[in-house]
Structure formats: structure tokens, C-alpha cells
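Next up, work.cif (mmCIF, C-alpha atoms):
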data_run
#
loop_
_atom_site.label_atom_id
_atom_site.label_comp_id
_atom_site.auth_asym_id
_atom_site.auth_seq_id
_atom_site.Cartn_x
_atom_site.Cartn_y
_atom_site.Cartn_z
CA GLN J 28 20.44 -47.36 192.36
CA VAL J 29 17.55 -47.20 194.83
CA ARG J 30 16.15 -50.52 195.92
CA LEU J 31 13.32 -51.35 198.32
CA VAL J 32 12.80 -54.85 199.69
CA GLU J 33 9.72 -55.76 201.73
CA SER J 34 9.51 -58.64 204.17
CA GLY J 35 7.36 -59.90 207.02
CA GLY J 36 4.18 -60.92 205.24
CA GLY J 37 2.37 -64.17 205.92
CA LEU J 38 -0.84 -65.87 206.96
CA VAL J 39 -2.50 -64.66 210.14
CA GLN J 40 -5.88 -65.17 211.78
CA PRO J 41 -8.36 -62.31 212.13
CA GLY J 42 -7.43 -60.17 215.11
CA GLY J 43 -3.78 -61.08 214.78
CA SER J 44 -0.71 -58.95 214.10
CA LEU J 45 2.16 -58.79 211.65
CA ARG J 46 5.16 -56.52 211.28
CA LEU J 47 6.23 -55.64 207.77
CA SER J 48 9.63 -54.21 207.02
CA CYS J 49 10.93 -52.23 204.05
CA ALA J 50 14.71 -52.26 203.71
CA ALA J 51 16.11 -49.47 201.56
CA SER J 52 19.41 -49.20 199.75
CA GLY J 53 20.72 -46.40 197.57
CA THR J 54 18.87 -43.79 199.61
CA LEU J 55 18.32 -42.93 203.26
CA VAL J 56 14.84 -43.42 204.70
CA SER J 57 15.57 -40.50 207.03
CA THR J 58 15.80 -38.03 204.13
CA ASN J 59 12.83 -39.08 201.99
CA PHE J 60 9.22 -39.91 202.57
CA VAL J 61 8.42 -43.62 202.55
CA ALA J 62 4.90 -44.88 202.04
CA TRP J 63 3.17 -48.23 202.25
CA TYR J 64 0.52 -49.16 199.71
CA ARG J 65 -1.50 -52.32 199.28
CA GLN J 66 -3.33 -54.04 196.48
CA ARG J 67 -6.26 -56.20 197.51
CA PRO J 68 -7.52 -58.94 195.17
CA GLU J 69 -9.23 -57.41 192.12
CA LYS J 70 -8.79 -53.89 193.50
CA GLU J 71 -6.64 -50.91 192.58
CA ARG J 72 -3.47 -50.27 194.56
CA GLU J 73 -4.30 -48.00 197.51
CA TRP J 74 -2.30 -45.88 199.88
CA VAL J 75 -2.00 -47.13 203.48
CA ALA J 76 0.46 -44.96 205.39
CA THR J 77 3.35 -42.52 205.02
CA VAL J 78 6.23 -41.31 207.15
CA VAL J 79 7.98 -38.14 206.00
CA SER J 80 11.55 -37.03 206.60
CA GLY J 81 10.51 -34.87 209.56
CA GLY J 82 8.90 -37.89 211.21
CA ALA J 83 5.25 -36.99 210.77
CA THR J 84 2.96 -39.86 209.84
CA ALA J 85 -0.37 -40.21 208.09
CA TYR J 86 -2.78 -43.11 207.65
CA ALA J 87 -5.69 -44.11 205.48
CA ASP J 88 -8.96 -44.05 207.40
CA SER J 89 -9.36 -47.81 206.91
CA VAL J 90 -6.23 -48.57 208.95
CA LYS J 91 -6.07 -45.63 211.37
CA GLY J 92 -5.73 -46.86 214.94
CA ARG J 93 -4.72 -50.37 213.85
CA PHE J 94 -1.55 -49.88 211.80
CA ALA J 95 1.58 -47.97 212.79
CA ILE J 96 4.40 -46.85 210.52
CA SER J 97 7.86 -46.19 211.94
CA ARG J 98 11.39 -45.55 210.79
CA ASP J 99 14.48 -47.47 211.87
CA ASN J 100 17.21 -45.07 210.77
CA ALA J 101 20.03 -47.21 212.13
CA ASN J 102 19.06 -50.05 209.78
CA ASN J 103 17.67 -47.83 207.01
CA LYS J 104 14.25 -49.48 207.22
CA VAL J 105 10.65 -48.44 207.50
CA ASN J 106 8.34 -50.77 209.38
CA LEU J 107 4.58 -51.16 209.31
CA GLN J 108 2.99 -52.77 212.36
CA LEU J 109 -0.35 -54.32 211.49
CA ASN J 110 -2.65 -54.99 214.45
CA SER J 111 -6.27 -56.14 214.77
CA LEU J 112 -6.08 -57.57 211.28
CA ARG J 113 -9.26 -58.20 209.33
CA PRO J 114 -9.92 -60.41 206.30
CA GLU J 115 -10.28 -57.24 204.21
CA ASP J 116 -6.65 -56.38 205.01
CA THR J 117 -5.60 -59.31 202.80
CA ALA J 118 -3.40 -57.80 200.10
CA VAL J 119 0.07 -57.49 198.68
CA TYR J 120 1.78 -54.69 200.60
CA TYR J 121 4.33 -52.50 198.82
CA CYS J 122 6.66 -49.80 200.00
CA HIS J 123 7.31 -46.75 197.89
CA THR J 124 9.54 -43.72 197.83
CA GLU J 125 10.59 -40.99 195.44
CA VAL J 126 14.15 -39.77 195.04
CA ARG J 127 14.92 -36.74 192.88
CA GLY J 128 11.63 -37.16 191.05
CA ALA J 129 12.03 -40.87 190.32
CA LYS J 130 9.50 -43.29 191.81
CA TYR J 131 10.59 -46.57 193.37
CA TRP J 132 8.57 -49.60 194.47
CA GLY J 133 9.47 -52.81 196.18
CA GLN J 134 8.37 -56.21 194.94
CA GLY J 135 5.66 -56.54 197.60
CA THR J 136 4.92 -58.93 200.44
CA GLN J 137 1.70 -60.93 200.73
CA VAL J 138 -0.48 -60.58 203.82
CA THR J 139 -3.35 -63.04 204.13
CA VAL J 140 -5.86 -62.74 206.98
CA SER J 141 -7.95 -65.87 207.22
CA THR J 142 -9.12 -68.59 209.54
#
In C-alpha cells, how does this file's structure come out?
Amino acid sequence: QVRLVESGGGLVQPGGSLRLSCAASGTLVSTNFVAWYRQRPEKEREWVATVVSGGATAYADSVKGRFAISRDNANNKVNLQLNSLRPEDTAVYYCHTEVRGAKYWGQGTQVTVST
């Protein structure tokens, strides 16, 4: 059974940073792509970033240059470093992967950017 658990969310001021973590079990993050999505208030869920098994990464234009996705193979985690946060980054952040055609999502972690 594949399970994804996000952590690291919280309240931060504009311009601040957070580090989100997605801990995987039942699959290896090194052998599958792992993506981060977010759902802002009253908006559709949107893609944020992906790291693929080969290590290549991709980012949505809205976060490029501010967010960084990375894999921690030793701990079977995928991290998302959020820098230069803006109020519009406020959202629930989810990690996502697919294993043998089945889609898996974590429960999400709330990020709130506010003064």
C-alpha cells in the first residue's frame, strides 16, 4: 500500500521560507516521479513542481526561481523548499505520485503567508 504524508506547513510572513516534506511508504521516491500540487482558497488544484526518477525537475512559472524540489533517497522523501513566499502562495500543498497506473495523494499540509 502506497502512502504519502506531507509535513512542514505553517504560518509565515511574506518573504519568508518554509520546507515541506513528503514521506513515502510502499514505494521508492527514487523510482517514480513525485509531484507537488497546491489548492488555493476557492481555486482548482494546480501543479507546482515535479521531480522524475532520473532527477530532472520542472516548475510552474508562478514558482520558478523561488521553490526548489529535491529528493532525499536515504529517507524516501521528497522535499519542497519554498522561498520568497507571497500571500498568493497560501494554499494546501499536496504531494502526488503514480505507481503502476494508480494515483496516490497525501492528505496535504497548509501553508499560510500573511502578516
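Neighbouring residues of range 115-120 of chain J at 6 Å or closer, counting all atoms listed in the file and skipping chain neighbours under 5 positions away, are Tyr64, Arg65, Gln66, Arg67, Gly135, Thr136, Gln137, Val138, Thr139 and Val140 of chain J.
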The PyMOL selection byres ((chain J and resi 34) around 9) resolved against shown file, as a PyMOL selection string: chain J and resi 32-33+35-36+46-50+135-137
The PyMOL selection byres ((chain J and resi 85-87) around 12) resolved against shown file, as a PyMOL selection string: chain J and resi 60-65+73-79+82-84+88-97+107
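Those residues that approach Gly133 in chain J to within 6 Å, counting only C-alpha atoms, are Leu31, Val32, Tyr121 and Cys122 of chain J; same-chain residues fewer than 5 positions away are not listed.
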Could those residues be written to a file, using C-alpha atoms, as an mmCIF file, in the coordinates of the input?
data_model
loop_
_atom_site.group_PDB
_atom_site.id
_atom_site.type_symbol
_atom_site.label_atom_id
_atom_site.label_comp_id
_atom_site.auth_asym_id
_atom_site.auth_seq_id
_atom_site.Cartn_x
_atom_site.Cartn_y
_atom_site.Cartn_z
ATOM 1 C CA LEU J 31 13.320 -51.350 198.320
ATOM 2 C CA VAL J 32 12.800 -54.850 199.690
ATOM 3 C CA TYR J 121 4.330 -52.500 198.820
ATOM 4 C CA CYS J 122 6.660 -49.800 200.000
#
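The protein and nucleic acid residues lying at most 7 Å from Ser57 in chain J are J:Leu55, J:Asn59, J:Ser80, J:Asn100, with only C-alpha atoms considered and sequence neighbours fewer than 2 positions away removed.
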